[in-house]
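So this block is data.cif, mmCIF, C-alpha atoms and all ligand atoms:
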```
data_structure
#
loop_
_atom_site.label_atom_id
_atom_site.label_comp_id
_atom_site.auth_asym_id
_atom_site.auth_seq_id
_atom_site.Cartn_x
_atom_site.Cartn_y
_atom_site.Cartn_z
CA MET A 1 28.92 -64.19 18.52
CA ILE A 2 26.98 -60.94 18.95
CA ARG A 3 28.17 -58.88 21.90
CA TYR A 4 25.92 -56.52 23.86
CA GLY A 5 28.28 -53.66 23.07
CA GLN A 6 31.26 -53.31 20.78
CA GLN A 7 33.73 -50.56 19.95
CA ASP A 8 34.32 -49.33 16.40
CA ILE A 9 37.99 -48.71 15.54
CA THR A 10 38.76 -47.21 12.12
CA GLN A 11 42.03 -46.83 10.22
CA ALA A 12 42.02 -43.14 11.18
CA ASP A 13 41.88 -44.16 14.87
CA ILE A 14 44.83 -46.54 14.40
CA ASP A 15 46.85 -43.90 12.52
CA ALA A 16 46.21 -41.37 15.28
CA VAL A 17 47.53 -43.73 17.96
CA ILE A 18 50.55 -44.72 15.86
CA GLY A 19 51.27 -41.03 15.33
CA VAL A 20 51.67 -40.61 19.09
CA LEU A 21 53.87 -43.72 19.35
CA ARG A 22 56.23 -42.11 16.84
CA SER A 23 56.22 -38.78 18.71
CA VAL A 24 58.13 -37.53 21.76
CA ASN A 25 55.35 -37.47 24.34
CA LEU A 26 53.60 -40.76 25.01
CA THR A 27 51.78 -39.14 27.90
CA GLN A 28 50.91 -35.52 28.74
CA GLY A 29 51.32 -34.55 25.10
CA PRO A 30 49.25 -32.28 22.86
CA ASN A 31 46.39 -34.72 22.36
CA ILE A 32 45.21 -34.38 25.96
CA PRO A 33 44.20 -30.68 25.68
CA GLN A 34 42.94 -31.35 22.15
CA PHE A 35 40.66 -34.12 23.39
CA GLU A 36 39.47 -31.93 26.26
CA GLN A 37 38.79 -29.06 23.83
CA SER A 38 36.86 -31.37 21.56
CA VAL A 39 34.56 -32.60 24.36
CA MET A 40 34.14 -29.01 25.63
CA ALA A 41 33.19 -27.86 22.13
CA HIS A 42 30.63 -30.66 21.85
CA THR A 43 29.05 -30.14 25.27
CA GLY A 44 29.50 -26.42 25.83
CA ALA A 45 31.20 -27.00 29.20
CA LYS A 46 33.80 -24.39 30.20
CA HIS A 47 36.41 -26.84 31.54
CA ALA A 48 37.30 -30.50 30.99
CA VAL A 49 39.84 -32.69 32.76
CA ALA A 50 40.74 -35.98 31.03
CA VAL A 51 41.66 -38.86 33.34
CA ASN A 52 42.39 -42.59 33.15
CA SER A 53 38.81 -43.74 33.91
CA ALA A 54 35.36 -42.52 34.87
CA THR A 55 35.95 -44.14 38.26
CA SER A 56 38.93 -41.79 38.78
CA ALA A 57 36.85 -38.86 37.52
CA LEU A 58 34.10 -39.66 40.06
CA HIS A 59 36.70 -39.91 42.83
CA ILE A 60 38.33 -36.53 42.12
CA ALA A 61 34.91 -34.96 41.51
CA CYS A 62 33.90 -35.96 45.06
CA LEU A 63 37.20 -34.66 46.46
CA ALA A 64 36.93 -31.38 44.54
CA LEU A 65 33.49 -30.92 46.14
CA GLU A 66 35.16 -31.61 49.51
CA LEU A 67 33.35 -34.84 50.35
CA GLY A 68 34.89 -36.41 53.45
CA PRO A 69 34.31 -38.42 56.63
CA GLY A 70 30.94 -37.64 58.22
CA ASP A 71 29.41 -36.63 54.87
CA TRP A 72 26.71 -38.49 52.94
CA LEU A 73 26.54 -39.15 49.21
CA TRP A 74 23.34 -40.44 47.64
CA THR A 75 23.02 -42.18 44.30
CA THR A 76 20.80 -44.72 42.54
CA PRO A 77 21.06 -48.44 43.32
CA ASN A 78 20.61 -49.14 39.59
CA THR A 79 24.15 -48.32 38.51
CA PHE A 80 27.66 -49.64 38.22
CA VAL A 81 29.32 -49.89 41.65
CA ALA A 82 31.72 -47.02 40.82
CA SER A 83 28.94 -44.41 41.26
CA ALA A 84 28.71 -45.35 44.96
CA ASN A 85 32.29 -46.48 45.66
CA CYS A 86 33.61 -42.96 45.01
CA ALA A 87 32.01 -41.85 48.30
CA LEU A 88 33.69 -44.67 50.22
CA TYR A 89 37.09 -43.71 48.74
CA CYS A 90 36.62 -40.32 50.44
CA GLY A 91 35.64 -41.86 53.79
CA ALA A 92 32.05 -40.66 53.33
CA LYS A 93 28.84 -42.66 53.74
CA VAL A 94 26.57 -43.86 50.94
CA ASP A 95 22.83 -44.15 50.66
CA PHE A 96 20.52 -44.80 47.73
CA VAL A 97 17.32 -43.40 46.24
CA ASP A 98 15.06 -45.84 44.41
CA ILE A 99 14.35 -45.58 40.68
CA ASP A 100 11.50 -44.29 38.56
CA PRO A 101 9.66 -47.32 37.13
CA ARG A 102 9.46 -45.79 33.64
CA THR A 103 12.97 -44.38 33.06
CA TYR A 104 14.82 -46.63 35.55
CA ASN A 105 16.69 -43.48 36.63
CA LEU A 106 16.88 -41.99 40.14
CA CYS A 107 13.33 -40.82 40.99
CA PRO A 108 13.06 -37.13 41.96
CA GLN A 109 9.87 -37.69 43.99
CA LYS A 110 11.54 -40.40 46.06
CA LEU A 111 14.58 -38.13 46.40
CA GLU A 112 12.40 -35.35 47.78
CA ALA A 113 10.63 -37.67 50.24
CA LYS A 114 13.99 -38.95 51.48
CA LEU A 115 15.38 -35.41 51.79
CA ILE A 116 12.42 -34.37 53.94
CA GLU A 117 13.13 -37.26 56.32
CA ALA A 118 16.90 -36.65 56.27
CA ALA A 119 16.44 -32.96 57.08
CA LYS A 120 14.55 -33.91 60.28
CA VAL A 121 17.51 -35.94 61.60
CA GLY A 122 20.32 -33.75 60.21
CA ARG A 123 21.55 -36.31 57.70
CA LEU A 124 21.24 -34.42 54.44
CA PRO A 125 23.59 -35.50 51.64
CA LYS A 126 26.49 -33.29 50.57
CA ILE A 127 26.47 -34.78 47.05
CA VAL A 128 23.84 -36.53 44.93
CA ILE A 129 24.95 -38.51 41.87
CA PRO A 130 22.19 -39.04 39.31
CA VAL A 131 23.17 -41.63 36.68
CA HIS A 132 21.86 -41.28 33.12
CA LEU A 133 21.06 -44.97 32.69
CA CYS A 134 21.30 -46.30 29.13
CA GLY A 135 22.12 -42.74 28.02
CA GLN A 136 18.71 -41.28 28.91
CA PRO A 137 19.17 -38.16 31.08
CA CYS A 138 17.64 -38.00 34.55
CA ASP A 139 15.07 -35.34 35.44
CA MET A 140 17.91 -32.89 36.08
CA GLN A 141 15.75 -29.80 36.45
CA ALA A 142 13.85 -31.37 39.36
CA ILE A 143 17.00 -32.76 40.97
CA HIS A 144 18.75 -29.39 40.61
CA ALA A 145 15.79 -27.58 42.22
CA LEU A 146 16.03 -29.98 45.19
CA GLY A 147 19.77 -29.31 45.32
CA GLN A 148 19.08 -25.58 45.65
CA LYS A 149 16.51 -26.18 48.38
CA TYR A 150 18.46 -28.74 50.43
CA GLY A 151 21.99 -27.54 49.72
CA PHE A 152 23.58 -30.55 48.03
CA LYS A 153 26.01 -30.58 45.10
CA ILE A 154 25.37 -32.65 41.97
CA ILE A 155 27.72 -34.87 39.99
CA GLU A 156 26.12 -36.30 36.85
CA ASP A 157 27.41 -39.80 36.17
CA ALA A 158 27.03 -39.54 32.40
CA SER A 159 29.21 -42.59 31.71
CA HIS A 160 26.46 -43.82 29.34
CA ALA A 161 25.44 -40.49 27.97
CA ILE A 162 28.01 -38.55 25.91
CA GLY A 163 26.26 -37.46 22.73
CA GLY A 164 22.83 -37.37 24.37
CA LYS A 165 20.73 -34.29 25.04
CA TYR A 166 18.51 -32.98 27.82
CA GLN A 167 15.91 -30.30 27.02
CA GLY A 168 17.54 -29.98 23.61
CA GLU A 169 21.02 -29.25 24.99
CA PRO A 170 24.07 -31.52 25.17
CA ILE A 171 24.53 -33.61 28.31
CA GLY A 172 27.71 -32.31 29.95
CA ASN A 173 26.93 -28.60 29.60
CA GLY A 174 26.52 -28.41 33.38
CA ARG A 175 23.34 -26.37 33.40
CA TYR A 176 21.93 -28.45 36.29
CA SER A 177 25.04 -29.84 37.98
CA ASP A 178 28.47 -28.98 39.37
CA ILE A 179 30.47 -31.68 37.57
CA THR A 180 29.64 -34.17 34.80
CA VAL A 181 31.60 -37.40 34.31
CA PHE A 182 32.00 -39.39 31.07
CA SER A 183 33.50 -42.87 30.58
CA PHE A 184 35.44 -43.98 27.52
CA HIS A 185 35.57 -47.69 28.32
CA PRO A 186 35.27 -49.74 25.07
CA VAL A 187 31.60 -50.64 25.57
CA LYS A 188 30.60 -46.98 26.01
CA ILE A 189 29.63 -44.50 23.26
CA ILE A 190 33.19 -43.53 22.26
CA THR A 191 36.36 -45.12 23.58
CA THR A 192 39.94 -44.43 24.63
CA ALA A 193 40.34 -48.08 25.86
CA GLU A 194 40.34 -46.95 29.49
CA GLY A 195 39.51 -43.32 30.12
CA GLY A 196 37.19 -40.75 31.59
CA MET A 197 36.61 -37.03 31.85
CA ALA A 198 35.24 -34.57 34.39
CA LEU A 199 33.56 -31.42 33.07
CA THR A 200 32.62 -28.27 34.96
CA ASN A 201 31.81 -24.60 34.43
CA SER A 202 33.52 -23.57 37.67
CA ASN A 203 37.08 -22.21 37.41
CA GLU A 204 37.76 -23.19 41.00
CA LEU A 205 36.53 -26.79 40.60
CA ALA A 206 38.49 -27.13 37.35
CA THR A 207 41.70 -26.06 39.12
CA ARG A 208 41.10 -28.59 41.90
CA LEU A 209 40.28 -31.39 39.46
CA GLY A 210 43.49 -30.60 37.54
CA LEU A 211 45.59 -30.76 40.70
CA LEU A 212 43.98 -33.98 41.95
CA ARG A 213 44.60 -35.68 38.58
CA SER A 214 48.36 -35.40 39.03
CA HIS A 215 49.58 -35.71 42.65
CA GLY A 216 48.34 -32.28 43.73
CA ILE A 217 51.40 -30.87 41.99
CA THR A 218 51.43 -27.55 40.13
CA ARG A 219 53.91 -25.73 37.93
CA ASP A 220 51.65 -22.67 37.78
CA PRO A 221 53.15 -19.90 39.97
CA ALA A 222 49.63 -18.58 40.56
CA LEU A 223 48.72 -21.80 42.41
CA MET A 224 51.95 -22.09 44.43
CA THR A 225 51.82 -21.40 48.15
CA GLN A 226 55.54 -20.72 48.67
CA PRO A 227 58.11 -18.65 46.76
CA MET A 228 59.66 -20.45 43.76
CA ASP A 229 63.24 -21.70 44.21
CA GLY A 230 63.97 -21.56 40.49
CA PRO A 231 62.75 -22.48 37.03
CA TRP A 232 62.80 -26.22 37.92
CA CYS A 233 60.27 -25.62 40.65
CA TYR A 234 57.01 -27.50 41.12
CA GLN A 235 55.00 -27.50 44.32
CA GLN A 236 52.67 -30.05 45.82
CA VAL A 237 49.79 -28.05 47.25
CA ALA A 238 47.21 -30.85 47.72
CA LEU A 239 47.16 -34.64 48.00
CA GLY A 240 46.41 -35.93 44.50
CA TYR A 241 46.86 -39.12 42.51
CA ASN A 242 48.26 -40.31 39.23
CA TYR A 243 44.99 -40.43 37.32
CA ARG A 244 46.44 -39.09 34.05
CA MET A 245 45.31 -40.26 30.64
CA THR A 246 48.06 -41.12 28.13
CA ASP A 247 48.50 -39.16 24.91
CA MET A 248 47.86 -42.37 22.93
CA GLN A 249 44.44 -42.68 24.56
CA ALA A 250 43.68 -39.00 24.02
CA ALA A 251 44.62 -39.31 20.31
CA LEU A 252 42.14 -42.18 20.02
CA GLY A 253 39.57 -40.00 21.80
CA VAL A 254 40.12 -37.06 19.43
CA SER A 255 39.64 -39.37 16.46
CA GLN A 256 36.54 -41.06 17.95
CA MET A 257 34.95 -37.69 18.79
CA THR A 258 34.67 -36.91 15.06
CA ARG A 259 32.13 -39.76 14.84
CA LEU A 260 30.22 -39.18 18.09
CA THR A 261 27.10 -37.63 16.55
CA HIS A 262 27.01 -40.27 13.83
CA TYR A 263 27.34 -43.08 16.38
CA VAL A 264 24.43 -41.79 18.45
CA ALA A 265 22.30 -41.38 15.30
CA LEU A 266 23.04 -45.01 14.36
CA ARG A 267 22.11 -46.13 17.88
CA HIS A 268 18.76 -44.34 17.47
CA GLN A 269 18.15 -46.15 14.17
CA ILE A 270 18.84 -49.51 15.81
CA ALA A 271 16.60 -48.64 18.76
CA GLN A 272 13.83 -47.53 16.40
CA ARG A 273 14.04 -50.82 14.53
CA TYR A 274 13.95 -52.85 17.76
CA ASN A 275 10.92 -50.79 18.84
CA GLU A 276 9.09 -51.53 15.60
CA LEU A 277 9.90 -55.23 15.35
CA MET A 278 9.21 -56.22 18.94
CA THR A 279 5.86 -54.55 19.66
CA ASP A 280 4.04 -57.92 19.71
CA LEU A 281 6.37 -59.54 22.26
CA PRO A 282 5.60 -59.68 26.02
CA LEU A 283 8.22 -57.00 26.72
CA THR A 284 8.39 -53.49 28.11
CA LEU A 285 10.53 -51.53 25.65
CA PRO A 286 12.60 -48.48 26.65
CA TRP A 287 10.30 -45.56 27.46
CA GLN A 288 11.73 -42.18 26.46
CA HIS A 289 10.92 -38.88 28.14
CA SER A 290 10.04 -36.14 25.62
CA ASP A 291 12.72 -33.87 27.19
CA SER A 292 15.45 -36.36 26.39
CA TYR A 293 17.51 -37.49 23.42
CA SER A 294 19.20 -40.61 24.75
CA ALA A 295 22.74 -41.55 23.78
CA TYR A 296 21.35 -45.12 23.74
CA HIS A 297 24.37 -46.76 25.32
CA LEU A 298 22.07 -49.68 26.16
CA TYR A 299 18.79 -51.05 24.90
CA VAL A 300 17.13 -52.62 27.94
CA ILE A 301 14.03 -54.78 27.63
CA ARG A 302 11.92 -55.84 30.60
CA LEU A 303 10.17 -59.19 30.45
CA GLN A 304 6.45 -59.13 31.20
CA LEU A 305 6.75 -62.32 33.19
CA GLU A 306 3.00 -62.67 33.73
CA LYS A 307 2.57 -63.00 29.94
CA THR A 308 5.13 -65.73 29.30
CA SER A 309 5.89 -69.11 30.83
CA ALA A 310 9.63 -68.58 30.34
CA THR A 311 11.59 -67.29 33.31
CA HIS A 312 14.06 -64.39 33.24
CA LEU A 313 16.96 -66.81 33.70
CA GLN A 314 15.69 -69.10 30.91
CA VAL A 315 15.40 -66.25 28.41
CA PHE A 316 18.85 -64.97 29.36
CA GLU A 317 20.41 -68.42 29.04
CA ALA A 318 18.59 -69.20 25.76
CA LEU A 319 20.09 -66.05 24.20
CA ARG A 320 23.57 -66.75 25.52
CA ALA A 321 23.31 -70.35 24.23
CA LYS A 322 22.86 -68.84 20.76
CA GLU A 323 26.00 -66.72 21.31
CA ILE A 324 23.96 -63.58 21.77
CA MET A 325 25.91 -62.06 24.63
CA VAL A 326 23.14 -60.27 26.46
CA ASN A 327 23.90 -58.63 29.77
CA LEU A 328 22.14 -57.17 32.82
CA HIS A 329 22.57 -53.54 33.87
CA TYR A 330 22.52 -53.54 36.84
CA ILE A 331 22.57 -55.78 39.89
CA PRO A 332 21.30 -53.28 42.52
CA VAL A 333 24.43 -51.96 44.24
CA HIS A 334 22.97 -52.28 47.75
CA THR A 335 22.59 -56.06 47.23
CA GLN A 336 26.31 -56.55 46.51
CA PRO A 337 28.04 -58.52 49.29
CA TYR A 338 30.29 -55.58 50.17
CA TYR A 339 27.29 -53.27 50.60
CA GLN A 340 25.32 -55.94 52.49
CA SER A 341 28.23 -56.17 54.91
CA MET A 342 27.80 -52.41 55.47
CA GLY A 343 24.20 -53.07 56.59
CA PHE A 344 22.13 -52.68 53.40
CA LYS A 345 19.34 -55.23 52.96
CA ALA A 346 17.42 -56.68 50.05
CA GLY A 347 13.94 -55.09 50.01
CA GLN A 348 15.15 -51.54 50.70
CA PHE A 349 14.81 -50.32 47.10
CA PRO A 350 11.98 -52.40 45.61
CA GLU A 351 11.72 -50.71 42.18
CA ALA A 352 15.40 -51.32 41.45
CA GLU A 353 15.09 -54.88 42.75
CA ARG A 354 12.00 -55.60 40.64
CA TYR A 355 13.72 -54.14 37.57
CA TYR A 356 16.64 -56.50 38.21
CA THR A 357 14.36 -59.55 38.02
CA GLU A 358 13.03 -58.53 34.58
CA ALA A 359 15.71 -56.56 32.72
CA ILE A 360 18.01 -57.73 29.93
CA SER A 361 20.37 -55.52 27.90
CA ILE A 362 20.19 -56.79 24.32
CA PRO A 363 22.97 -56.05 21.80
CA MET A 364 23.29 -52.42 20.73
CA TYR A 365 26.29 -50.82 19.03
CA PRO A 366 26.68 -48.54 16.02
CA THR A 367 28.15 -51.12 13.61
CA MET A 368 25.45 -53.70 14.35
CA SER A 369 23.91 -54.98 11.09
CA GLU A 370 20.20 -55.50 10.41
CA ALA A 371 20.93 -59.23 9.97
CA GLN A 372 22.48 -59.35 13.45
CA GLN A 373 19.54 -57.47 14.85
CA ASP A 374 17.10 -59.89 13.17
CA GLN A 375 19.03 -62.76 14.73
CA VAL A 376 18.64 -61.23 18.20
CA ILE A 377 14.90 -60.65 17.71
CA ALA A 378 14.31 -64.19 16.38
CA ALA A 379 16.19 -65.74 19.30
CA LEU A 380 14.25 -63.61 21.74
CA ARG A 381 10.92 -64.49 20.10
CA GLU A 382 11.75 -68.19 20.36
CA ALA A 383 12.92 -67.92 23.98
CA LEU A 384 9.74 -66.09 25.03
CA GLN A 385 7.51 -68.78 23.48
CA ALA A 386 9.27 -71.56 25.37
C1 LIG A 401 31.28 -47.67 33.05
C2 LIG A 401 30.70 -46.92 34.18
C3 LIG A 401 31.48 -46.35 35.19
C4 LIG A 401 32.95 -46.56 35.29
O1 LIG A 401 33.63 -46.24 34.15
P1 LIG A 401 35.18 -46.59 34.00
O2 LIG A 401 35.63 -45.66 32.91
O3 LIG A 401 35.23 -48.03 33.59
O4 LIG A 401 35.84 -46.34 35.30
C5 LIG A 401 30.85 -45.59 36.16
N1 LIG A 401 29.52 -45.42 36.16
C6 LIG A 401 28.73 -45.98 35.23
C7 LIG A 401 27.25 -45.73 35.27
C8 LIG A 401 29.29 -46.77 34.22
O5 LIG A 401 28.52 -47.35 33.32
#
```
So that I can check it, write out the structure of this file as structure tokens.
Ligand SMILES: *Cc1c(COP(=O)(O)O)cnc(C)c1O
Amino acid sequence: MIRYGQQDITQADIDAVIGVLRSVNLTQGPNIPQFEQSVMAHTGAKHAVAVNSATSALHIACLALELGPGDWLWTTPNTFVASANCALYCGAKVDFVDIDPRTYNLCPQKLEAKLIEAAKVGRLPKIVIPVHLCGQPCDMQAIHALGQKYGFKIIEDASHAIGGKYQGEPIGNGRYSDITVFSFHPVKIITTAEGGMALTNSNELATRLGLLRSHGITRDPALMTQPMDGPWCYQQVALGYNYRMTDMQAALGVSQMTRLTHYVALRHQIAQRYNELMTDLPLTLPWQHSDSYSAYHLYVIRLQLEKTSATHLQVFEALRAKEIMVNLHYIPVHTQPYYQSMGFKAGQFPEAERYYTEAISIPMYPTMSEAQQDQVIAALREALQA
């Protein structure tokens, strides 16, 4: 079986986790700040807050930016549901901006057109969440400029994109956003099993994210709002959650971070080889903007259905029948039953919906062999000739 994505766990990773199991602190130990430091060093961000998932990171990012009832959050329909659900957790409303047909990312021109209309009726978003699909960064400079003009905050959902670059600089450095979120789920670029991180350059946002991660409780006298009773004292100064990462997970993260750059380089080699060996097939291969160095979390092909008699479903099923576990990223969020029940309708975001009828994520992970890759290409070639 060839999976669409697959973690790589080395002996060093295993030793790091066992080291924590033999230590005093299974959670909130020294590996948490070490992991945060390591991601800060890689990205250049000033602050990092490790949490138990990217979903949690998105939630506390929205809260730190004071999203609440009556507010709007906009994101792309071509994403995992978590990028939109975070608004609903805060009691805010969600809307979507359709995708760019080349990058499959949130389209800045469509964002601007929607902002112009929203401004007329006083419904401007408080937060926009661009998602770096497949690891390719969005047009952040354009989105940031619109943020300045229309007064919204930006959370980058970079769940696919640690190790990637935008305009030659690491994704996560926060040049064009308020907060960046990474995911460390096993299919992503590096893993901590479950895990996520929120990065920011703002001291104030970092403090809020830190409080929200752990019940809104502080032991820092500078953050307390009442006099301390004694050295045992902690104070709850906000309503937070238990979104903490364990020290075992952070130790795995520290160990995985040492291979981040190598992993992304291997992903580029695999992508390059797919690009070269599939040029003759009726497929649209991933287009890359010259400003971007993708983390290549996914390699998405789009079927040129007018050039083959096979249907999307047939190609997908033919690959799965050969134990090539292809996937589809993503079912447009607004077509999910929960979102339909909120009033969204099929047809509202046609580019994302058209993409959904043609896209397939074919296997891509750093330890994938050339033989496995050849197997995927041969199966695809056969399926497309059917
Ligand atoms: C994986 C993913 C998430 C959620 O990540 P978790 O760490 O599993 O919570 C959010 N957004 C996108 C785009 C993702 O791919």
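Considering only C-alpha atoms and all ligand atoms, every residue of the polymer chains approaching ligand LIG 401 (chain A) to 8 Å or closer is listed here: Asn52, Ser53, Ala54, Thr55, Ser56, Ala57, Leu58, Thr79, Phe80, Val81, Ala82, Ser83, Val131, His132, Leu133, Asp157, Ala158, Ser159, His160, Phe182, Ser183, Phe184, His185, Lys188, Glu194, Gly195 and Gly196 of chain A.
One finds CA of Asp291 (chain A) at 25.7 Å from CA of Leu303 (chain A).
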Spatial neighbours of Ala379 (chain A), 10 Å, only C-alpha atoms, chain gap at least 5 places, as a ChimeraX atom specification:
/A:315,318-322,324,373-374,384
A:Arg267, A:Arg213, A:His297, A:Arg273: which is nearest Ala161 (chain A), counting all atoms listed in the file?
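Closest to Ala161 (chain A) of all the choices is A:His297.
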Counting all atoms listed in the file, the residue of A:Val237, A:Ala48, A:Pro227, A:Lys307 that sits nearest Ser214 (chain A):
A:Val237
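Here the question is which of A:Glu358, A:Glu306, A:Asp247, A:Asp280 gets nearest to Val24 (chain A) using all atoms listed in the file, and that residue is A:Asp247.
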Neighbour list for Phe349 (chain A) as a PyMOL selection string, cut-off 9 Å, all atoms listed in the file, skip fewer than 2 positions in-chain:
chain A and resi 77+96-99+332+334+345-347+351-354
Would you mind listing what lies within 12 Å of His42 (chain A) as an mmCIF file with C-alpha atoms, keeping the file's coordinate frame, with all atoms listed in the file counted and same-chain residues fewer than 4 positions away left out?
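Below is the file selection24.cif, written as the result:
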```cif
data_model
loop_
_atom_site.group_PDB
_atom_site.id
_atom_site.type_symbol
_atom_site.label_atom_id
_atom_site.label_comp_id
_atom_site.auth_asym_id
_atom_site.auth_seq_id
_atom_site.Cartn_x
_atom_site.Cartn_y
_atom_site.Cartn_z
ATOM 1 C CA PHE A 35 40.660 -34.120 23.390
ATOM 2 C CA GLU A 36 39.470 -31.930 26.260
ATOM 3 C CA GLN A 37 38.790 -29.060 23.830
ATOM 4 C CA SER A 38 36.860 -31.370 21.560
ATOM 5 C CA LYS A 46 33.800 -24.390 30.200
ATOM 6 C CA HIS A 47 36.410 -26.840 31.540
ATOM 7 C CA ALA A 48 37.300 -30.500 30.990
ATOM 8 C CA ILE A 162 28.010 -38.550 25.910
ATOM 9 C CA GLY A 163 26.260 -37.460 22.730
ATOM 10 C CA GLY A 164 22.830 -37.370 24.370
ATOM 11 C CA LYS A 165 20.730 -34.290 25.040
ATOM 12 C CA GLU A 169 21.020 -29.250 24.990
ATOM 13 C CA PRO A 170 24.070 -31.520 25.170
ATOM 14 C CA ILE A 171 24.530 -33.610 28.310
ATOM 15 C CA GLY A 172 27.710 -32.310 29.950
ATOM 16 C CA ASN A 173 26.930 -28.600 29.600
ATOM 17 C CA LEU A 199 33.560 -31.420 33.070
ATOM 18 C CA VAL A 254 40.120 -37.060 19.430
ATOM 19 C CA MET A 257 34.950 -37.690 18.790
ATOM 20 C CA THR A 258 34.670 -36.910 15.060
ATOM 21 C CA ARG A 259 32.130 -39.760 14.840
ATOM 22 C CA LEU A 260 30.220 -39.180 18.090
ATOM 23 C CA THR A 261 27.100 -37.630 16.550
#
```
Could you jot down the CA of Pro33 (chain A) to CA of Met245 (chain A) separation for me, Å, one decimal place?
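Interatomic distance here is 10.8 Å.
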For a quick check of understanding, using all atoms listed in the file, which of A:Pro363, A:Pro186, A:Gly19, A:Pro130 has the smallest distance to Leu106 (chain A)?
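Closest candidate: A:Pro130.
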Which is closer to Cys138 (chain A) than all the others in A:Tyr241, A:Tyr234, A:Tyr293, A:Tyr150, using all atoms listed in the file?
A:Tyr293
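The nearest approach to Ile9 (chain A) among the residues A:Asn201, A:Gln336, A:Ser255, A:Ser177, with only C-alpha atoms taken into account, belongs to A:Ser255.
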Calculate how many Å separate CA of Leu63 (chain A) from CA of Thr103 (chain A), rounding to one decimal.
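CA of Leu63 (chain A) sits 29.3 Å away from CA of Thr103 (chain A).
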List the spatial neighbours of Thr10 (chain A) as JSON, numbers by chain - criterion: any atom at most 12 Å away, all atoms listed in the file, same-chain residues fewer than 3 positions off excluded.
{"A": [7, 13, 14, 15, 16, 17, 191, 252, 255, 256, 258, 259, 367]}
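All polymer residues at most 12 Å from (20.1, -37.9, 58.6), using only C-alpha atoms, appear as Gly70, Asp71, Trp72, Leu73, Trp74, Lys93, Val94, Asp95, Lys114, Leu115, Ile116, Glu117, Ala118, Ala119, Lys120, Val121, Gly122, Arg123, Leu124, Pro125 and Lys126 of chain A.
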Got a sec to check which residues sit within 8 Å of (30.0, -62.3, 21.3), counting all atoms listed in the file, and write them as a list in words?
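Applying the cut-off with all atoms listed in the file, one gets Met1, Ile2, Arg3, Tyr4, Glu323, Ile324 and Met325 of chain A.
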Padded axis-aligned box of region 165-182 of chain A (5 Å per side), centre and edge lengths, Å, one decimal, as JSON:
```
{"center_x": 24.0, "center_y": -32.9, "center_z": 31.5, "size_x": 26.1, "size_y": 23.0, "size_z": 25.8}
```
I'd like the neighbourhood of Leu281 (chain A) as a CSV table (one decimal) with C-alpha atoms, keeping the file's coordinate frame, where a residue qualifies if any of its atoms comes within 9 Å (using all atoms listed in the file), though same-chain residues fewer than 5 positions away should be ignored.
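Heads up, here's the output in out-v4.csv:
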```csv
chain,number,residue,atom,x,y,z
A,304,GLN,CA,6.4,-59.1,31.2
A,380,LEU,CA,14.2,-63.6,21.7
A,381,ARG,CA,10.9,-64.5,20.1
A,384,LEU,CA,9.7,-66.1,25.0
```
Would you fill out region 80-90 of chain A with N, CA and C atoms and return it as a PDB file, in the coordinates of the input?
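What follows is the written file selection_3.pdb:
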```pdb
ATOM      1  N   PHE A  80      26.410 -48.927  38.002  1.00  0.00           N
ATOM      2  CA  PHE A  80      27.660 -49.640  38.220  1.00  0.00           C
ATOM      3  C   PHE A  80      28.201 -49.214  39.592  1.00  0.00           C
ATOM      4  N   VAL A  81      28.872 -50.139  40.271  1.00  0.00           N
ATOM      5  CA  VAL A  81      29.320 -49.890  41.650  1.00  0.00           C
ATOM      6  C   VAL A  81      30.159 -48.624  41.809  1.00  0.00           C
ATOM      7  N   ALA A  82      30.825 -48.193  40.736  1.00  0.00           N
ATOM      8  CA  ALA A  82      31.720 -47.020  40.820  1.00  0.00           C
ATOM      9  C   ALA A  82      30.982 -45.760  41.265  1.00  0.00           C
ATOM     10  N   SER A  83      29.702 -45.623  40.901  1.00  0.00           N
ATOM     11  CA  SER A  83      28.940 -44.410  41.260  1.00  0.00           C
ATOM     12  C   SER A  83      28.777 -44.271  42.774  1.00  0.00           C
ATOM     13  N   ALA A  84      28.832 -45.384  43.490  1.00  0.00           N
ATOM     14  CA  ALA A  84      28.710 -45.350  44.960  1.00  0.00           C
ATOM     15  C   ALA A  84      30.078 -45.460  45.623  1.00  0.00           C
ATOM     16  N   ASN A  85      30.965 -46.271  45.058  1.00  0.00           N
ATOM     17  CA  ASN A  85      32.290 -46.480  45.660  1.00  0.00           C
ATOM     18  C   ASN A  85      33.065 -45.184  45.833  1.00  0.00           C
ATOM     19  N   CYS A  86      32.862 -44.214  44.939  1.00  0.00           N
ATOM     20  CA  CYS A  86      33.610 -42.960  45.010  1.00  0.00           C
ATOM     21  C   CYS A  86      33.420 -42.276  46.372  1.00  0.00           C
ATOM     22  N   ALA A  87      32.240 -42.440  46.968  1.00  0.00           N
ATOM     23  CA  ALA A  87      32.010 -41.850  48.300  1.00  0.00           C
ATOM     24  C   ALA A  87      32.875 -42.554  49.336  1.00  0.00           C
ATOM     25  N   LEU A  88      32.927 -43.884  49.235  1.00  0.00           N
ATOM     26  CA  LEU A  88      33.690 -44.670  50.220  1.00  0.00           C
ATOM     27  C   LEU A  88      35.182 -44.356  50.125  1.00  0.00           C
ATOM     28  N   TYR A  89      35.666 -44.100  48.901  1.00  0.00           N
ATOM     29  CA  TYR A  89      37.090 -43.710  48.740  1.00  0.00           C
ATOM     30  C   TYR A  89      37.406 -42.471  49.577  1.00  0.00           C
ATOM     31  N   CYS A  90      36.407 -41.591  49.725  1.00  0.00           N
ATOM     32  CA  CYS A  90      36.620 -40.320  50.440  1.00  0.00           C
ATOM     33  C   CYS A  90      36.315 -40.452  51.935  1.00  0.00           C
TER      34      CYS A  90
END
```
